[in-house]
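Q: Got a structure for you, questions after.
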Amino acid sequence: MNSASTHAYDPARTAPRALDTEAVHAGRDDLARQGLHAAPIDLSTTYPSYDSRGEAARIDAFATEGAEPEGTPIYGRLGNPTVARFETALARLEGTESAVAFASGMAALSAVLLARASLGLRHVVAVRPLYGCSDHLLTAGLLGSEVTWVDPAGVADALRPDTGLVLVESPANPTLAELDLRALAHSCGSVPLLADNTFATPVLQRPVEQGARLVLHSATKYLGGHGDVMAGVVACDEEFAGRLRQIRFATGGVLHPLAGYLLLRGLATLPVRVRAASATAAELVRRLDADPRVARVHYPRVGGAMIAFEVHGDPHDVIAGVRLITPAVSLGSVDSLIQHPASISHRIVDETDRRGAGVSDRLLRMSVGLEDVDDLWADLDGALGAAADTATTGTGVAAERPAAGLGAASGR
Ligand SMILES: *Cc1c(COP(=O)(O)O)cnc(C)c1O
């Protein structure tokens, strides 16, 4: 909504800005001129206009191109100025023309699938592992799509005349497996490659620079960064963005303006948060790697704040044993979270498919936050010790586990 006019930043007239600068300023370039410092939150659902001839023309333009209406907003489902600030900023960070925000990451992925299916392009080629619910959405065919799962090398051969999308994650949830996006983009030919960049964020990787046409984020994770906002966003060229806005308008998966505000605020600290948490994650990886209780550690070359590891003991005991780290699904918050993918985030994926994708039953996924590295290690060390104890004594897992919240595991 009117972002072109109010959040304008003309690269031709201004020196290119580094990512850290864009994170703080993009989407806010008009504020000082308006005498504002913080971005305003516009909660209006509708907007007055005495010129209904003019409105008719603007609605026609939206219906044909999905272009953001110039001038004052029309209705909350067509677009919102606060949300548009976040979209402007995220597009700048990902290096795309546009971005379109949705109520959640799954709403964003659904809109992409619907945009393609509406052109008769229902076939999707995808590489496992994907986030559990993305896998489920495709496998269950909930939106009428048909999926062919392939290894990265099999993408080109899997393409059909009705293939509308190639979908990948790198680093992937939950194994942190990495893909060669440039090679994949080449294999896709004219079919759009969608890279889910939730784990790397634009701080560590900009998939469009490697040939992806669409970049998806669960903005619920690092972009928001504080575990208090659900959102999704697709960064892409303006042509695709127009289609996504039309789908969003017709299906209603809009982002609330308060969420848009929180996301814009989250972006300002994104580079600092991601770098700090990544440094801590790399140190934890070094310690886990050297630990005899840990069978295998997964950490991507691109870095990041997500780590995954397989334990010799019972992974459920590690989850039951943490005290500082929160045992919870989701990721990307300022505080550290840990979860067991086979039980939670990837439970909905068929067991054989899940194991085939490298999601072992002993795998744990940890989202490293901004706590002190030694405090995090002390907590992990204690939890690994609890798991190792039950493994050596061979006691029943459930019977020996202290009740949560009773402080039974004192001393750490
Ligand atoms: C969480 C997640 C999603 C789904 O996002 P929601 O905001 O939970 O709908 C998609 N992709 C990845 C990689 C995720 O981690």
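Just so we're on the same page: first chain in the structure tokens is A, next is B, and so on; residues restart at 1 for each chain, and ligands are numbered from 1 in the order they show up.
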Tell me which protein, DNA and RNA residues are within 8 Å of A:Pro300, counting only C-alpha atoms, leaving out same-chain ones fewer than 5 positions away, and put them as a PyMOL selection string.

A: chain A and resi 171+176-178

Q: So which residues are near ligand 1, meaning at most 7 Å away with only C-alpha atoms and all ligand atoms counted, given back as a list in words?

A: Ser104, Gly105, Met106, Ala107, Leu130, Tyr131, Cys133, Ser134, Glu169, Ala172, Asn173, Asp196, Thr198, Phe199, His217, Ser218, Ala219, Thr220, Lys221, Met230, Ala231, Gly232 and Ser330 of chain A

Q: Taking 5 positions as the minimum chain separation for residues in the same chain, which residues sit within 12 Å of A:Val334 when counting only C-alpha atoms? Answer as a PyMOL selection string.

A: chain A and resi 221-228+266+269-270+272-274+276-278+305+325-326+367-372

Q: Mind dumping the selected residues with C-alpha atoms as a PDB file, in the first residue's frame?

A:
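Okay, again.pdb is ready:
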ATOM      1  CA  LYS A 221      11.382 -17.129  13.586  1.00  0.00           C
ATOM      2  CA  TYR A 222      14.454 -14.885  13.171  1.00  0.00           C
ATOM      3  CA  LEU A 223      12.815 -11.884  11.480  1.00  0.00           C
ATOM      4  CA  GLY A 224      10.521 -11.309  14.459  1.00  0.00           C
ATOM      5  CA  GLY A 225      13.194 -12.733  16.695  1.00  0.00           C
ATOM      6  CA  HIS A 226      11.460 -12.544  20.073  1.00  0.00           C
ATOM      7  CA  GLY A 227       8.979 -15.419  19.984  1.00  0.00           C
ATOM      8  CA  ASP A 228       5.956 -13.102  20.077  1.00  0.00           C
ATOM      9  CA  GLY A 266      12.759  -7.085  14.761  1.00  0.00           C
ATOM     10  CA  THR A 269      18.455  -6.027  15.256  1.00  0.00           C
ATOM     11  CA  LEU A 270      18.429  -9.020  12.882  1.00  0.00           C
ATOM     12  CA  VAL A 272      23.327  -8.284  15.366  1.00  0.00           C
ATOM     13  CA  ARG A 273      21.175 -11.108  16.743  1.00  0.00           C
ATOM     14  CA  VAL A 274      22.069 -13.578  14.008  1.00  0.00           C
ATOM     15  CA  ALA A 276      25.933 -13.116  18.047  1.00  0.00           C
ATOM     16  CA  ALA A 277      23.837 -16.287  18.253  1.00  0.00           C
ATOM     17  CA  SER A 278      25.836 -17.841  15.403  1.00  0.00           C
ATOM     18  CA  ALA A 305      22.222 -20.125  15.125  1.00  0.00           C
ATOM     19  CA  ILE A 325      17.060 -23.850  27.523  1.00  0.00           C
ATOM     20  CA  THR A 326      13.306 -24.027  26.883  1.00  0.00           C
ATOM     21  CA  SER A 367      17.878 -22.907  18.349  1.00  0.00           C
ATOM     22  CA  VAL A 368      20.699 -21.004  20.015  1.00  0.00           C
ATOM     23  CA  GLY A 369      19.726 -17.677  21.551  1.00  0.00           C
ATOM     24  CA  LEU A 370      21.642 -14.791  23.049  1.00  0.00           C
ATOM     25  CA  GLU A 371      22.469 -16.295  26.450  1.00  0.00           C
ATOM     26  CA  ASP A 372      26.065 -16.672  27.641  1.00  0.00           C
TER      27      ASP A 372
END

Q: For A:Pro271, please output as an MDAnalysis selection string all residues within 10 Å (counting only C-alpha atoms; exclusion window: fewer than 3 positions along the same chain).

A: chainID A and resid 19:21 23:24 201:204 222:223 266:268 274:276

Q: I want to know what sits within 7 Å of A:Arg28, based on only C-alpha atoms, with residues of the same chain fewer than 3 positions away left out; could you give that as a PyMOL selection string?

A: chain A and resi 7+25+31+39+85

Q: How would the residues just picked look written out with N, CA, C and O atoms as a PDB file, in the first residue's frame?

A:
ATOM      1  N   HIS A   7       7.690   5.132   1.225  1.00  0.00           N
ATOM      2  CA  HIS A   7       8.912   4.541   1.779  1.00  0.00           C
ATOM      3  C   HIS A   7      10.013   4.540   0.731  1.00  0.00           C
ATOM      4  O   HIS A   7      10.909   3.721   0.761  1.00  0.00           O
ATOM      5  N   HIS A  25      17.198   1.107   8.656  1.00  0.00           N
ATOM      6  CA  HIS A  25      16.554   2.243   7.979  1.00  0.00           C
ATOM      7  C   HIS A  25      15.522   1.894   6.912  1.00  0.00           C
ATOM      8  O   HIS A  25      14.639   2.706   6.638  1.00  0.00           O
ATOM      9  N   LEU A  31      10.188   8.683   7.503  1.00  0.00           N
ATOM     10  CA  LEU A  31       9.737   9.053   8.845  1.00  0.00           C
ATOM     11  C   LEU A  31      10.206  10.440   9.271  1.00  0.00           C
ATOM     12  O   LEU A  31       9.416  11.245   9.760  1.00  0.00           O
ATOM     13  N   ALA A  39       7.987   4.022  13.680  1.00  0.00           N
ATOM     14  CA  ALA A  39       6.989   3.832  12.621  1.00  0.00           C
ATOM     15  C   ALA A  39       5.585   3.858  13.217  1.00  0.00           C
ATOM     16  O   ALA A  39       5.336   3.244  14.256  1.00  0.00           O
ATOM     17  N   ARG A  85       5.656  -1.289   5.317  1.00  0.00           N
ATOM     18  CA  ARG A  85       7.014  -0.892   5.749  1.00  0.00           C
ATOM     19  C   ARG A  85       7.881  -2.136   5.952  1.00  0.00           C
ATOM     20  O   ARG A  85       9.045  -2.170   5.552  1.00  0.00           O
TER      21      ARG A  85
END

Q: For a quick check of understanding, using only C-alpha atoms, which of A:His346, A:Arg58, A:Arg248, A:Arg323 has the smallest distance to A:Leu113?

A: A:Arg248

Q: With only C-alpha atoms as the basis for distance, which of A:Glu283, A:Asp374, A:Asp361, A:Asp335 is at the shortest distance from A:Pro315?

A: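 For A:Pro315, the nearest of the candidates is A:Asp361.
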
Q: Select from stretch 120-205 of chain A everything DSSP, run on the backbone, classes as strand (DSSP E), then give the selection as a list of chain:residue names.

A: A:His123, A:Val124, A:Val125, A:Ala126, A:Glu146, A:Val147, A:Thr148, A:Trp149, A:Thr163, A:Gly164, A:Leu165, A:Val166, A:Leu167, A:Val168, A:Glu169, A:Leu193, A:Leu194, A:Ala195, A:Asp196

Q: Which of these residues is nearest to A:Arg355, using only C-alpha atoms: A:Pro73, A:Pro207, A:Gly95, A:Pro174?

A: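 That would be A:Pro174, the residue with the smallest distance to A:Arg355.
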
Q: Pull the alpha helix (DSSP H) assignments for stretch 42-277 of chain A out of DSSP run on the backbone, and list those residues as a PyMOL selection string.

A: chain A and resi 52-65+81-94+105-117+132-139+155-158+181-188+201-204+238-251+257-277

Q: Work out how far apart atom CA of A:Ser49 and atom CA of A:Ile74 are and give it in Å to one decimal.

A: 8.2 Å

Q: Counting only C-alpha atoms, which residue out of A:Ala308, A:Val233, A:Leu331, A:Leu376 sits closest to A:Thr280?

A: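 Nearest candidate to A:Thr280 out of A:Ala308, A:Val233, A:Leu331, A:Leu376: A:Leu376.
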
Q: Measure the distance from atom CA of A:Tyr75 to atom CA of A:Glu87 in Å and round it to one decimal.

A: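 It comes out at 17.3 Å.
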
Q: Select, from A:Leu384, A:Ala126, A:Ala67, A:Val100, the residue with the minimum atom-to-atom distance to A:Cys236, counting only C-alpha atoms.

A: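 Answer, going by the shortest atom-to-atom distance: A:Val100.
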
Q: Residues within 12 Å of A:His136, please, as a VMD selection string. Count only C-alpha atoms; anything in the same chain fewer than 5 positions from it doesn't count.

A: chain A and resid 106 109 to 110 126 128 to 131 141 to 143 145 to 147 345 to 350 353 to 354

Q: Could you tell me how far atom CA of A:Asp375 lies from atom CA of A:Thr390, in Å and to one decimal?

A: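 Those two atoms sit 23.3 Å apart.
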